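Q: What follows is work.csv; its format and atoms are CSV, C-alpha atoms.
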chain,number,residue,atom,x,y,z
B,1,MET,CA,-169.3,137.3,-110.4
B,2,SER,CA,-168.3,141.0,-110.2
B,3,LEU,CA,-168.6,140.9,-106.4
B,4,GLY,CA,-166.2,137.9,-106.2
B,5,ILE,CA,-163.7,139.6,-108.6
B,6,GLY,CA,-163.8,142.9,-106.7
B,7,LEU,CA,-163.3,141.2,-103.3
B,8,CYS,CA,-160.5,138.9,-104.5
B,9,VAL,CA,-158.2,142.0,-104.9
B,10,LEU,CA,-158.6,142.7,-101.2
B,11,PRO,CA,-156.1,140.4,-99.3
B,12,ALA,CA,-157.0,139.0,-95.9
B,13,ARG,CA,-154.4,140.9,-93.9
B,14,ALA,CA,-153.8,141.2,-90.2
B,15,ASP,CA,-154.2,145.0,-90.4
B,16,GLU,CA,-157.8,144.7,-91.7
B,17,ARG,CA,-159.4,144.6,-88.2
B,18,ARG,CA,-162.2,147.1,-87.8
B,19,PHE,CA,-163.9,146.1,-84.5
B,20,ALA,CA,-162.9,145.6,-80.9
B,21,TYR,CA,-165.6,143.1,-79.8
B,22,SER,CA,-166.7,141.5,-83.1
B,23,TYR,CA,-164.3,139.2,-84.9
B,24,GLU,CA,-164.1,139.3,-88.7
B,25,PRO,CA,-164.0,136.1,-90.8
B,26,GLU,CA,-160.5,136.7,-92.3
B,27,THR,CA,-157.6,134.8,-90.8
B,28,LEU,CA,-153.9,135.4,-91.0
B,29,PRO,CA,-152.1,134.2,-94.2
B,30,GLN,CA,-150.0,131.1,-93.9
B,31,HIS,CA,-146.7,131.6,-91.9
B,32,ALA,CA,-147.7,135.2,-91.0
B,33,MET,CA,-147.2,136.2,-87.3
B,34,GLU,CA,-148.7,138.9,-85.2
B,35,PHE,CA,-148.4,140.2,-81.6
B,36,GLU,CA,-151.6,141.7,-80.1
B,37,GLN,CA,-152.1,143.6,-76.8
B,38,TRP,CA,-155.7,143.9,-75.4
B,39,VAL,CA,-156.7,146.3,-72.7
B,40,THR,CA,-160.3,146.3,-71.6
B,41,LEU,CA,-161.8,148.5,-68.9
B,42,ARG,CA,-165.2,147.6,-67.4
B,43,THR,CA,-166.2,150.5,-65.2
B,44,GLN,CA,-169.0,151.9,-63.0
B,45,ARG,CA,-171.5,149.8,-61.1
B,46,SER,CA,-173.3,151.3,-58.1
B,47,LYS,CA,-173.4,151.4,-54.3
B,48,GLU,CA,-176.7,149.5,-54.3
B,49,VAL,CA,-174.8,146.4,-55.4
B,50,GLY,CA,-172.0,147.0,-52.9
B,51,GLN,CA,-169.4,148.0,-55.6
B,52,ASP,CA,-169.0,151.8,-55.7
B,53,ASN,CA,-166.3,153.2,-57.9
B,54,TYR,CA,-166.0,149.9,-59.6
B,55,ASN,CA,-163.1,149.2,-62.1
B,56,LEU,CA,-162.1,146.0,-63.8
B,57,TRP,CA,-159.0,146.0,-66.0
B,58,GLU,CA,-158.6,143.0,-68.3
B,59,ILE,CA,-155.2,142.5,-69.9
B,60,ARG,CA,-154.5,140.0,-72.7
B,61,SER,CA,-151.2,139.6,-74.5
B,62,SER,CA,-151.1,137.2,-77.5
B,63,LEU,CA,-149.1,135.8,-80.4
B,64,GLU,CA,-150.9,134.7,-83.5
B,65,TYR,CA,-149.6,132.4,-86.3
B,66,GLY,CA,-151.2,131.5,-89.6
B,67,VAL,CA,-150.9,127.8,-89.9
B,68,THR,CA,-152.6,127.8,-93.3
B,69,ASP,CA,-154.4,130.5,-95.3
B,70,ASN,CA,-157.6,129.3,-93.7
B,71,TYR,CA,-156.5,128.4,-90.1
B,72,SER,CA,-154.8,130.5,-87.5
B,73,VAL,CA,-153.8,129.7,-83.9
B,74,GLU,CA,-153.2,132.3,-81.1
B,75,LEU,CA,-151.7,131.9,-77.7
B,76,TYR,CA,-153.0,134.3,-75.0
B,77,VAL,CA,-151.7,135.2,-71.5
B,78,ASN,CA,-154.6,136.6,-69.5
B,79,SER,CA,-154.7,138.7,-66.3
B,80,GLN,CA,-157.0,141.2,-64.6
B,81,SER,CA,-157.1,143.8,-61.9
B,82,GLU,CA,-160.4,144.5,-60.0
B,83,SER,CA,-161.1,147.3,-57.5
B,84,PHE,CA,-164.1,148.9,-55.9
B,85,ARG,CA,-165.3,150.6,-52.6
B,86,ASP,CA,-167.8,148.8,-50.4
B,87,PRO,CA,-170.2,151.6,-49.2
B,88,ALA,CA,-171.5,149.4,-46.3
B,89,THR,CA,-168.1,149.2,-44.6
B,90,GLY,CA,-166.2,152.1,-46.3
B,91,GLY,CA,-163.4,149.6,-47.2
B,92,ASN,CA,-161.6,149.5,-50.5
B,93,TYR,CA,-161.1,146.2,-52.3
B,94,SER,CA,-158.3,145.6,-54.8
B,95,LYS,CA,-157.1,142.3,-56.4
B,96,PHE,CA,-154.8,141.4,-59.2
B,97,SER,CA,-155.2,137.9,-60.6
B,98,PHE,CA,-153.7,135.7,-63.3
B,99,GLU,CA,-156.5,134.4,-65.5
B,100,GLY,CA,-154.5,131.7,-67.2
B,101,ILE,CA,-153.5,130.7,-70.7
B,102,SER,CA,-155.8,130.3,-73.6
B,103,ILE,CA,-155.4,129.1,-77.1
B,104,GLU,CA,-157.6,130.5,-79.9
B,105,ASN,CA,-158.3,128.5,-83.0
B,106,ARG,CA,-160.0,130.0,-86.0
B,107,LEU,CA,-160.9,128.1,-89.1
B,108,MET,CA,-162.3,130.0,-92.1
B,109,ILE,CA,-164.9,127.8,-93.8
B,110,MET,CA,-166.0,130.4,-96.5
B,111,ASN,CA,-163.6,133.2,-97.5
B,112,PRO,CA,-165.5,136.5,-97.9
B,113,ALA,CA,-163.3,137.2,-101.0
B,114,ASP,CA,-164.9,134.2,-102.8
B,115,HIS,CA,-168.4,134.1,-101.3
B,116,ALA,CA,-171.3,136.4,-100.6
B,117,ILE,CA,-170.7,136.0,-96.8
B,118,GLY,CA,-167.5,134.9,-95.0
B,119,ILE,CA,-167.9,132.2,-92.3
B,120,THR,CA,-165.3,131.3,-89.7
B,121,LEU,CA,-165.5,128.9,-86.7
B,122,TYR,CA,-163.8,129.7,-83.5
B,123,LEU,CA,-162.7,127.6,-80.5
B,124,GLU,CA,-160.8,128.9,-77.4
B,125,PRO,CA,-160.0,126.8,-74.4
B,126,ARG,CA,-158.6,128.6,-71.3
B,127,PHE,CA,-157.1,127.1,-68.1
B,128,SER,CA,-155.7,128.9,-65.0
B,129,GLY,CA,-155.4,126.0,-62.5
B,130,GLU,CA,-158.5,127.1,-60.5
B,131,GLU,CA,-160.7,128.0,-63.5
B,132,ALA,CA,-161.3,126.6,-66.9
B,133,GLU,CA,-163.3,127.8,-69.9
B,134,ILE,CA,-164.3,126.8,-73.4
B,135,GLU,CA,-165.6,129.5,-75.8
B,136,GLN,CA,-167.1,128.9,-79.2
B,137,LYS,CA,-168.0,131.4,-81.9
B,138,ILE,CA,-169.6,131.5,-85.3
B,139,ILE,CA,-168.2,134.5,-87.2
B,140,LEU,CA,-169.9,136.0,-90.2
B,141,GLY,CA,-168.9,139.1,-92.2
B,142,GLN,CA,-168.4,140.8,-95.5
B,143,ARG,CA,-167.0,143.9,-97.1
B,144,HIS,CA,-169.1,146.1,-99.5
B,145,GLY,CA,-166.9,148.8,-101.0
B,146,ASN,CA,-165.8,151.1,-98.1
B,147,TRP,CA,-168.2,149.4,-95.7
B,148,LYS,CA,-167.6,146.3,-93.6
B,149,TRP,CA,-169.7,144.3,-91.2
B,150,ALA,CA,-169.3,141.4,-88.9
B,151,PHE,CA,-171.7,139.3,-86.7
B,152,ASN,CA,-170.6,136.9,-84.0
B,153,LEU,CA,-172.7,134.4,-82.1
B,154,THR,CA,-170.8,133.2,-79.0
B,155,HIS,CA,-171.3,130.5,-76.3
B,156,SER,CA,-168.9,129.8,-73.5
B,157,THR,CA,-168.9,127.5,-70.4
B,158,GLU,CA,-166.8,128.5,-67.4
B,159,TRP,CA,-165.8,126.2,-64.5
B,160,LEU,CA,-165.2,128.4,-61.4
B,161,ASP,CA,-164.3,127.9,-57.7
B,162,ASN,CA,-161.7,125.2,-58.3
B,163,LEU,CA,-163.9,123.8,-61.1
B,164,HIS,CA,-166.9,123.2,-58.7
B,165,GLU,CA,-169.2,125.8,-60.2
B,166,THR,CA,-170.4,126.1,-63.8
B,167,GLU,CA,-171.6,129.1,-65.6
B,168,GLY,CA,-172.8,129.5,-69.2
B,169,GLU,CA,-172.7,132.6,-71.2
B,170,LEU,CA,-174.4,133.6,-74.5
B,171,GLU,CA,-173.4,136.6,-76.5
B,172,GLY,CA,-174.3,138.2,-79.8
B,173,SER,CA,-172.4,141.1,-81.3
B,174,PHE,CA,-172.6,143.1,-84.5
B,175,GLY,CA,-170.3,145.7,-86.0
B,176,ILE,CA,-170.5,148.0,-89.0
B,177,SER,CA,-167.7,150.3,-90.1
B,178,ARG,CA,-166.8,152.6,-93.0
B,179,ASP,CA,-163.3,153.3,-94.3
B,180,PHE,CA,-162.3,156.9,-94.5
B,181,GLY,CA,-159.2,156.9,-96.7
B,182,LYS,CA,-156.4,154.4,-96.5
B,183,HIS,CA,-155.8,154.4,-92.7
B,184,TRP,CA,-158.9,155.3,-90.8
B,185,SER,CA,-162.3,153.5,-90.2
B,186,ALA,CA,-165.2,154.4,-87.9
B,187,GLY,CA,-168.5,152.7,-87.1
B,188,LEU,CA,-170.7,151.2,-84.4
B,189,GLU,CA,-170.7,148.0,-82.4
B,190,LEU,CA,-173.7,146.4,-80.7
B,191,ARG,CA,-173.2,143.6,-78.1
B,192,ASP,CA,-175.7,141.6,-76.0
B,193,HIS,CA,-174.3,139.5,-73.1
B,194,ASN,CA,-176.2,136.9,-71.0
B,195,GLU,CA,-175.3,134.8,-68.0
B,196,LEU,CA,-176.7,131.4,-67.2
B,197,PRO,CA,-175.4,130.1,-63.8
B,198,GLU,CA,-175.3,126.3,-63.7
B,199,TYR,CA,-177.5,126.4,-66.9
B,200,HIS,CA,-180.5,126.3,-64.5
B,201,ARG,CA,-181.8,129.8,-65.2
B,202,TRP,CA,-181.3,132.9,-67.4
B,203,GLU,CA,-179.8,135.2,-64.8
B,204,ASP,CA,-179.5,138.5,-66.7
B,205,THR,CA,-178.9,140.3,-70.0
B,206,ALA,CA,-177.1,143.5,-70.8
B,207,LEU,CA,-177.0,145.4,-74.1
B,208,PHE,CA,-174.1,147.7,-75.1
B,209,LEU,CA,-173.9,150.1,-78.0
B,210,GLY,CA,-171.1,152.5,-78.9
B,211,PRO,CA,-168.7,153.9,-81.4
B,212,VAL,CA,-165.6,152.1,-82.7
B,213,ILE,CA,-162.6,153.6,-84.5
B,214,SER,CA,-159.6,151.9,-86.1
B,215,TYR,CA,-156.3,153.0,-87.6
B,216,ARG,CA,-153.9,150.9,-89.6
B,217,GLN,CA,-150.4,151.0,-91.2
B,218,GLU,CA,-148.6,148.4,-93.2
B,219,LYS,CA,-147.2,146.6,-90.1
B,220,TRP,CA,-149.4,147.6,-87.3
B,221,TRP,CA,-153.0,148.6,-86.4
B,222,ALA,CA,-155.1,149.7,-83.5
B,223,VAL,CA,-158.8,149.7,-82.7
B,224,LEU,CA,-160.8,151.4,-79.9
B,225,ALA,CA,-164.4,150.9,-78.9
B,226,VAL,CA,-166.4,152.7,-76.2
B,227,MET,CA,-169.5,150.7,-75.3
B,228,PRO,CA,-172.0,152.2,-72.7
B,229,GLN,CA,-174.8,149.9,-71.5
B,230,ILE,CA,-178.0,151.1,-73.0
B,231,TYR,CA,-180.3,148.4,-71.5
B,232,GLY,CA,-180.1,145.6,-68.9
B,233,VAL,CA,-182.3,143.5,-66.7
B,234,SER,CA,-181.8,140.9,-64.0
B,235,PHE,CA,-184.3,138.0,-64.0
B,236,GLY,CA,-183.7,137.1,-60.4
B,237,ALA,CA,-183.4,138.9,-57.1
B,238,SER,CA,-181.2,141.9,-57.6
B,239,PRO,CA,-180.2,144.8,-55.3
B,240,ASN,CA,-179.8,147.1,-58.3
B,241,THR,CA,-182.3,149.9,-58.1
B,242,ASP,CA,-181.7,151.1,-61.7
B,243,SER,CA,-184.5,149.5,-63.7
B,244,ARG,CA,-182.9,150.3,-67.0
B,245,LEU,CA,-179.4,148.8,-66.4
B,246,GLU,CA,-178.1,145.5,-65.1
B,247,LEU,CA,-175.2,146.3,-62.7
B,248,VAL,CA,-174.6,143.1,-60.7
B,249,GLY,CA,-172.9,141.2,-63.4
B,250,HIS,CA,-172.2,144.1,-65.8
B,251,GLU,CA,-171.0,147.6,-65.9
B,252,LYS,CA,-172.3,151.0,-67.1
B,253,VAL,CA,-169.4,151.4,-69.6
B,254,ASN,CA,-167.0,149.0,-71.3
B,255,VAL,CA,-163.9,150.3,-73.2
B,256,ARG,CA,-161.5,148.2,-75.2
B,257,LEU,CA,-158.3,149.0,-76.9
B,258,ILE,CA,-156.4,146.5,-79.1
B,259,PHE,CA,-153.2,147.0,-81.1
B,260,GLY,CA,-151.4,144.5,-83.3
B,261,ILE,CA,-147.9,144.4,-84.8
B,262,SER,CA,-147.2,142.1,-87.7
B,263,PHE,CA,-144.0,140.2,-88.3
Could you write out this structure as structure tokens?
A:
Amino acid sequence: MSLGIGLCVLPARADERRFAYSYEPETLPQHAMEFEQWVTLRTQRSKEVGQDNYNLWEIRSSLEYGVTDNYSVELYVNSQSESFRDPATGGNYSKFSFEGISIENRLMIMNPADHAIGITLYLEPRFSGEEAEIEQKIILGQRHGNWKWAFNLTHSTEWLDNLHETEGELEGSFGISRDFGKHWSAGLELRDHNELPEYHRWEDTALFLGPVISYRQEKWWAVLAVMPQIYGVSFGASPNTDSRLELVGHEKVNVRLIFGISF
């Protein structure tokens, strides 16, 4: 009873975000709006996989709206810029691509302010003309005093190459963070990502772990995570010579910055 009373005084606000890769169960209040800008850098593969000096910038701009206190919808515009050097030819590769429009839907089933654990369901379809994707998440989380945690279980299906190829992805992520005063939070995020081409085989897995820090004001917030790969393995033929990391489908370091502005 005391837990529920204590949590009820903490509103589910847009500026409560503590993590860059793990969603928290809270949704926007009804009729609230928020603009978000995402910048993700996936960097460093290796010359053994033919991608020396590898950098992939993923850019997402979005507008989120609280339809009800338990349901929010968010429209994303997605793009990316990829570059690397091919050590075999000495040539440089660079490509900017539009990755389509996606619509995120989040439905909070159990409010963490009223229950021991908050639960939210997530569905995000994406379409770019040449590619399509559907991503689903189960989002769990709770606050305990100055501490907050979140766990996400994610599955997605992508249709690539003009919708002729199919690839499945499975991901689990966990974040824990502590508030330091009114504005700052810091913690750790753990993320495991797996690829399943055509759902015929489990191709690889990569585990990332790193610090996350967030800052918030009344009308805006920002969060930054730096996630080095700490373990990875390819289950098929791979040119990668590093037995500790998976560098064909993943990178040595992922960095994500998100900031949001409330209206």
Q: What's the separation between atom CA of Asn105 of chain B and atom CA of Asn70 of chain B, in Å to one decimal place?
A: 10.8 Å
Q: Quick check, in Å to one decimal: how far apart do atom CA of Val233 of chain B and atom CA of Asn254 of chain B lie?
A: 16.9 Å
Q: Could you state the separation of atom CA of Tyr23 of chain B and atom CA of Thr154 of chain B in Å, given to one decimal place?
A: 10.6 Å
Q: List the neighbours of Ala150 of chain B out to 10 Å using only C-alpha atoms; skip same-chain residues closer than 5 positions along the sequence, and give me the result as a compact mmCIF listing (two decimals) with C-alpha atoms, in the coordinates of the input.
A:
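Dumped to around-v9.txt:
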# COMPACT_ATOMS: atom_id res chain seq x y z
CA ARG B 18 -162.20 147.10 -87.80
CA PHE B 19 -163.90 146.10 -84.50
CA TYR B 21 -165.60 143.10 -79.80
CA SER B 22 -166.70 141.50 -83.10
CA TYR B 23 -164.30 139.20 -84.90
CA GLU B 24 -164.10 139.30 -88.70
CA PRO B 25 -164.00 136.10 -90.80
CA ILE B 117 -170.70 136.00 -96.80
CA GLY B 118 -167.50 134.90 -95.00
CA ILE B 119 -167.90 132.20 -92.30
CA ILE B 139 -168.20 134.50 -87.20
CA LEU B 140 -169.90 136.00 -90.20
CA GLY B 141 -168.90 139.10 -92.20
CA GLN B 142 -168.40 140.80 -95.50
CA ARG B 143 -167.00 143.90 -97.10
CA SER B 173 -172.40 141.10 -81.30
CA PHE B 174 -172.60 143.10 -84.50
CA GLY B 175 -170.30 145.70 -86.00
CA ILE B 176 -170.50 148.00 -89.00
CA SER B 177 -167.70 150.30 -90.10
CA GLU B 189 -170.70 148.00 -82.40
Q: Residues within 10 Å of Ser61 of chain B, please, as a PDB file with C-alpha atoms, in the coordinates of the input. Count all atoms listed in the file; anything in the same chain fewer than 5 positions from it doesn't count.
A:
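For reference, selection28.pdb as written:
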ATOM      1  CA  PHE B  35    -148.400 140.200 -81.600  1.00  0.00           C
ATOM      2  CA  GLU B  36    -151.600 141.700 -80.100  1.00  0.00           C
ATOM      3  CA  GLN B  37    -152.100 143.600 -76.800  1.00  0.00           C
ATOM      4  CA  TRP B  38    -155.700 143.900 -75.400  1.00  0.00           C
ATOM      5  CA  VAL B  39    -156.700 146.300 -72.700  1.00  0.00           C
ATOM      6  CA  LEU B  75    -151.700 131.900 -77.700  1.00  0.00           C
ATOM      7  CA  TYR B  76    -153.000 134.300 -75.000  1.00  0.00           C
ATOM      8  CA  VAL B  77    -151.700 135.200 -71.500  1.00  0.00           C
ATOM      9  CA  ASN B  78    -154.600 136.600 -69.500  1.00  0.00           C
ATOM     10  CA  SER B  79    -154.700 138.700 -66.300  1.00  0.00           C
ATOM     11  CA  ILE B 101    -153.500 130.700 -70.700  1.00  0.00           C
ATOM     12  CA  ILE B 258    -156.400 146.500 -79.100  1.00  0.00           C
TER      13      ILE B 258
END
Q: Report as a Markdown table: every residue of segment 126-201 of chain B with an atom at most 9 Å from segment 213-232 of chain B, its closest pair of atoms, and their distance in Å to one decimal, counting all atoms listed in the file, with rows sorted by chain and ascending residue number.
A:
| residue | atom | partner | partner_atom | distance |
| --- | --- | --- | --- | --- |
| B:Ser177 | CA | B:Ile213 | CA | 8.3 |
| B:Lys182 | CA | B:Arg216 | CA | 8.1 |
| B:His183 | CA | B:Arg216 | CA | 5.0 |
| B:Trp184 | CA | B:Tyr215 | CA | 4.7 |
| B:Ser185 | CA | B:Ser214 | CA | 5.2 |
| B:Ala186 | CA | B:Ile213 | CA | 4.4 |
| B:Gly187 | CA | B:Ile213 | CA | 6.5 |
| B:Leu188 | CA | B:Ala225 | CA | 8.4 |
| B:Glu189 | CA | B:Met227 | CA | 7.7 |
| B:Leu190 | CA | B:Met227 | CA | 8.1 |
| B:Arg191 | CA | B:Met227 | CA | 8.5 |
Q: Taking a cut-off of 6 Å and counting all atoms listed in the file, can you build a table that, for each residue of segment 139-218 of chain B near segment 125-132 of chain B, reports the nearest atom pair and how far apart they are in Å (one decimal), sorted by chain then residue number, as CSV?
A:
residue,atom,partner,partner_atom,distance
B:Glu158,CA,B:Ala132,CA,5.8
B:Trp159,CA,B:Ala132,CA,5.1
B:Leu160,CA,B:Glu131,CA,5.0
B:Asn162,CA,B:Glu130,CA,4.3
B:Leu163,CA,B:Glu131,CA,5.8
Q: Name the closest residue to Glu26 of chain B among the candidates B:Ser262, B:Ser234, B:Thr68, B:Ser97; distances are taken between atoms, counting all atoms listed in the file.
A: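 The answer is B:Thr68, which sits nearest to Glu26 of chain B.
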Q: B:Glu171, B:Glu198, B:Glu124, B:Asp179: which is nearest Trp149 of chain B, counting all atoms listed in the file?
A: B:Asp179
